[in-house]
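Here's model-v7.cif, which has mmCIF, C-alpha atoms:
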data_run
loop_
_atom_site.label_atom_id
_atom_site.label_comp_id
_atom_site.auth_asym_id
_atom_site.auth_seq_id
_atom_site.Cartn_x
_atom_site.Cartn_y
_atom_site.Cartn_z
CA ASN A 117 -34.88 -0.37 -13.63
CA PRO A 118 -35.57 0.15 -9.88
CA ALA A 119 -33.04 -2.46 -8.74
CA SER A 120 -30.30 -0.84 -10.79
CA ALA A 121 -31.21 2.63 -9.49
CA PHE A 122 -31.16 1.32 -5.91
CA ALA A 123 -27.75 -0.30 -6.44
CA HIS A 124 -26.37 2.91 -7.95
CA THR A 125 -27.75 5.01 -5.06
CA THR A 126 -26.32 2.59 -2.49
CA LEU A 127 -22.92 2.61 -4.17
CA THR A 128 -22.94 6.41 -4.26
CA LEU A 129 -23.78 6.55 -0.54
CA PHE A 130 -20.93 4.18 0.28
CA LEU A 131 -18.52 6.23 -1.84
CA LYS A 132 -19.52 9.38 0.01
CA GLN A 133 -19.24 7.69 3.40
CA ALA A 134 -15.80 6.33 2.57
CA GLN A 135 -14.74 9.82 1.47
CA ILE A 136 -16.02 11.30 4.74
CA TYR A 137 -14.03 8.78 6.77
CA PHE A 138 -10.98 9.38 4.62
CA ASN A 139 -11.21 13.16 5.05
CA LYS A 140 -11.55 12.71 8.82
CA GLU A 141 -8.44 10.48 8.71
CA GLU A 142 -10.49 7.55 10.00
CA TYR A 143 -8.72 5.17 7.66
CA SER A 144 -9.80 1.95 9.38
CA ASN A 145 -13.47 2.89 8.88
CA ALA A 146 -12.80 3.93 5.28
CA LEU A 147 -11.06 0.58 4.74
CA LEU A 148 -14.13 -1.30 6.01
CA ILE A 149 -16.35 0.46 3.51
CA VAL A 150 -13.89 0.09 0.64
CA ASN A 151 -13.56 -3.63 1.34
CA TYR A 152 -17.34 -3.98 1.34
CA GLN A 153 -17.57 -2.06 -1.93
CA GLN A 154 -15.15 -4.49 -3.57
CA HIS A 155 -17.74 -7.23 -3.19
CA CYS A 156 -20.65 -5.24 -4.59
CA SER A 157 -18.88 -3.29 -7.35
CA PRO A 158 -21.00 -3.00 -10.50
CA THR A 159 -17.98 -3.26 -12.84
CA ASP A 160 -14.48 -4.66 -12.78
CA GLU A 161 -13.08 -1.15 -13.17
CA VAL A 162 -14.89 0.09 -10.05
CA LYS A 163 -13.71 -3.00 -8.19
CA ARG A 164 -10.09 -2.28 -9.19
CA PHE A 165 -10.38 1.29 -7.90
CA ASN A 166 -11.77 -0.05 -4.61
CA VAL A 167 -8.78 -2.40 -4.36
CA ARG A 168 -6.48 0.60 -4.95
CA ASP A 169 -8.30 2.69 -2.35
CA GLY A 170 -8.02 -0.19 0.12
CA GLY A 171 -4.26 -0.36 -0.49
CA ILE A 172 -3.99 3.37 0.12
CA CYS A 173 -5.94 3.05 3.39
CA LEU A 174 -3.63 0.21 4.48
CA PHE A 175 -0.63 2.41 3.68
CA LEU A 176 -2.04 5.28 5.73
CA LEU A 177 -2.71 2.84 8.59
CA LYS A 178 1.01 1.94 8.37
CA ARG A 179 0.17 -1.65 7.43
CA TYR A 180 2.91 -1.53 4.84
CA ASN A 181 3.23 -5.24 3.98
CA GLU A 182 -0.49 -5.53 3.30
CA SER A 183 -0.48 -2.25 1.40
CA ALA A 184 2.36 -3.30 -0.90
CA GLU A 185 0.68 -6.65 -1.58
CA THR A 186 -2.73 -5.07 -2.26
CA LEU A 187 -1.35 -2.32 -4.49
CA SER A 188 0.83 -4.80 -6.40
CA GLY A 189 -2.30 -6.87 -7.05
CA TYR A 190 -4.05 -3.72 -8.24
CA LEU A 191 -1.26 -2.98 -10.72
CA ALA A 192 -1.34 -6.54 -12.03
CA GLU A 193 -5.12 -6.36 -12.50
CA CYS A 194 -4.81 -2.99 -14.28
CA LEU A 195 -2.18 -4.33 -16.65
CA ALA A 196 -4.31 -7.39 -17.45
CA ALA A 197 -7.39 -5.23 -18.02
CA GLU A 198 -5.48 -2.78 -20.23
CA THR A 199 -4.03 -5.63 -22.29
CA ALA A 200 -7.47 -7.18 -22.72
CA GLU A 201 -8.92 -3.79 -23.67
CA ASP A 202 -6.18 -3.20 -26.26
CA GLU A 203 -6.79 -6.65 -27.75
CA SER A 204 -10.53 -6.00 -27.84
CA GLU A 205 -10.01 -2.69 -29.64
CA LYS A 206 -7.75 -4.37 -32.20
CA ASP A 207 -10.43 -6.99 -32.85
CA LYS A 208 -13.19 -4.39 -33.22
CA GLY A 209 -11.11 -2.11 -35.38
CA LYS A 210 -11.11 1.53 -34.45
CA GLY A 211 -13.16 1.22 -31.23
CA LYS A 212 -15.74 3.56 -29.69
CA ALA A 213 -13.49 6.24 -28.21
CA SER A 214 -11.84 9.01 -30.19
CA PRO A 215 -8.06 8.87 -30.44
CA GLN A 216 -7.77 11.88 -28.11
CA ALA A 217 -10.02 10.30 -25.48
CA HIS A 218 -8.12 7.03 -25.77
CA ALA A 219 -4.77 8.85 -25.37
CA ALA A 220 -6.10 10.80 -22.36
CA LYS A 221 -7.30 7.57 -20.74
CA LYS A 222 -3.91 5.92 -21.33
CA LEU A 223 -2.10 8.94 -19.89
CA ALA A 224 -4.32 8.95 -16.76
CA ALA A 225 -3.74 5.21 -16.33
CA ALA A 226 0.03 5.65 -16.65
CA LYS A 227 0.01 8.47 -14.08
CA ASP A 228 -2.05 6.34 -11.67
CA ARG A 229 0.31 3.37 -12.10
CA ALA A 230 3.34 5.62 -11.45
CA GLN A 231 1.81 6.98 -8.24
CA VAL A 232 0.85 3.50 -7.03
CA SER A 233 4.31 2.15 -7.91
CA ALA A 234 5.90 4.94 -5.86
CA MET A 235 3.62 4.08 -2.94
CA ILE A 236 4.58 0.39 -3.18
CA GLU A 237 8.27 1.31 -3.19
CA THR A 238 7.78 3.56 -0.16
CA ALA A 239 5.86 0.82 1.66
CA GLN A 240 8.62 -1.70 0.98
CA THR A 241 11.22 0.78 2.22
CA GLN A 242 9.17 1.35 5.39
CA VAL A 243 8.97 -2.41 5.99
CA LYS A 244 12.77 -2.65 5.81
CA ARG A 245 13.22 0.43 8.00
CA LEU A 246 10.83 -0.89 10.64
CA ALA A 247 12.59 -4.26 10.67
CA VAL A 248 15.93 -2.55 11.24
CA GLU A 249 14.39 -0.28 13.87
CA LYS A 250 13.06 -3.33 15.70
CA MET A 251 16.47 -5.03 15.60
CA VAL A 252 18.22 -1.92 16.92
CA ASN A 253 15.67 -1.42 19.68
CA GLN A 254 16.07 -5.05 20.72
CA ALA A 255 19.84 -4.62 20.77
CA VAL A 256 19.52 -1.46 22.86
CA ARG A 257 17.28 -3.32 25.32
CA GLY A 258 19.63 -6.29 25.44
CA ASN A 259 18.38 -8.59 22.69
CA GLY A 260 14.79 -8.22 23.79
CA GLU A 261 15.29 -10.10 27.05
CA GLU A 262 13.19 -8.70 29.86
CA ASP A 263 13.89 -8.98 33.54
CA GLU A 264 11.33 -11.28 35.10
CA HIS A 265 11.00 -8.82 38.00
CA MET A 266 9.88 -5.92 35.81
CA THR A 267 6.45 -4.52 36.46
CA ASP A 268 3.93 -4.08 33.64
CA LYS A 269 4.49 -0.32 33.77
CA SER A 270 8.26 -0.64 33.38
CA LYS A 271 7.79 -3.18 30.57
CA LYS A 272 5.61 -0.69 28.70
CA LYS A 273 8.21 2.02 29.21
CA ASN A 274 10.91 -0.39 27.98
CA ASP A 275 8.85 -1.06 24.82
CA GLN A 276 8.84 2.66 24.07
CA VAL A 277 12.58 3.08 23.68
CA PRO A 278 13.03 6.13 21.44
CA PHE A 279 14.51 5.53 18.01
CA GLU A 280 16.97 8.39 17.72
CA GLY A 281 20.62 9.38 18.01
CA ASP A 282 23.04 6.50 17.59
CA SER A 283 20.18 4.07 17.10
CA PHE A 284 19.07 5.97 14.02
CA ARG A 285 22.63 6.15 12.66
CA ILE A 286 23.10 2.39 13.18
CA ALA A 287 19.74 1.57 11.61
CA ASP A 288 20.47 3.81 8.64
CA GLU A 289 23.86 2.17 8.15
CA VAL A 290 22.42 -1.37 8.39
CA SER A 291 19.63 -0.44 6.00
CA ARG A 292 22.12 1.05 3.51
CA ARG A 293 24.31 -2.07 3.69
CA SER A 294 21.25 -4.26 3.18
CA THR A 295 20.24 -2.23 0.12
CA ASP A 296 23.81 -2.31 -1.23
CA GLU A 297 23.93 -6.09 -0.76
CA ASP A 298 20.55 -6.47 -2.49
CA ASP A 299 21.78 -4.31 -5.39
CA ALA A 300 25.00 -6.33 -5.63
CA SER A 301 23.11 -9.63 -5.68
CA ASP A 302 20.73 -8.22 -8.32
CA ASP A 303 23.73 -7.18 -10.42
CA GLU A 304 25.28 -10.63 -10.05
CA SER A 305 22.06 -12.42 -10.98
CA PHE A 306 21.59 -10.04 -13.95
CA GLY A 307 25.10 -10.84 -15.14
CA GLU A 308 24.42 -14.59 -14.85
CA SER A 309 21.20 -14.35 -16.88
CA ASN A 310 22.91 -12.60 -19.79
#
Would you write the structure of this file as structure tokens?
Amino acid sequence: NPASAFAHTTLTLFLKQAQIYFNKEEYSNALLIVNYQQHCSPTDEVKRFNVRDGGICLFLLKRYNESAETLSGYLAECLAAETAEDESEKDKGKGKASPQAHAAKKLAAAKDRAQVSAMIETAQTQVKRLAVEKMVNQAVRGNGEEDEHMTDKSKKKNDQVPFEGDSFRIADEVSRRSTDEDDASDDESFGESN
């Protein structure tokens, strides 16, 4: 079928172009192509991988909130697809794939989910760290208030306050307390649910 061959060739070209951008660390360009590919994916599986690749690009662009959201959606879609596939195999009996191939596919899926889960956790940690960093930098600058007589050049310099020394220690301590408080509230809510 010529239309199918054209679609396959086009998809292959886009995959290669996205890989070129990714290798050149041009993640915003790779993200554009990956997002386009999501809309013209020939299968749901290819679409899911494009969603994952988009989440990875967002992570590398330091757009951590969007990355965590996208990758969490990817994991949810994978789980739903795997559940549907397992149900389908039960209904059909043994299924098409050999037990070894099925086990290898499950193992690869589990490894992928573990890597994506680690990336989500890292992104969420970065979001918290950046929020604390912003609070500390605002405190160092005087609660973010700027002198109305500052020039644009001095405002830019003021925005580039380095995050080091005592600022880092304070941010680390605040972050640790926040995590400890979150853990304590999780423990309390777990105890209430039991």
Between CA of Ala192 (chain A) and CA of Arg164 (chain A), distance in Å (one decimal): 10.1 Å
Answer as number ranges by chain, residues within 7 Å of (-4.0, 3.8, -4.4) using only C-alpha atoms: A: 168-169, 171-172, 187, 232
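Using only C-alpha atoms, the protein and nucleic acid residues lying no more than 10 Å from region 156-163 of chain A, apart from those fewer than 3 places from it along its own chain, are Ser120, Ala123, His124, Thr126, Leu127, Val150, Asn151, Tyr152, Gln153, Asn166, Val167, Arg168, Asp169, Tyr190, Glu193, Cys194 and Ala197 of chain A.
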Hits from the PyMOL selection byres ((chain A and resi 176) around 10), listed as a count of residues only: 17
Straight-line distance linking CA of Glu205 (chain A) with CA of Thr186 (chain A), stated in Å to one decimal: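 Taking CA of Glu205 (chain A) and CA of Thr186 (chain A), their separation equals 28.4 Å.
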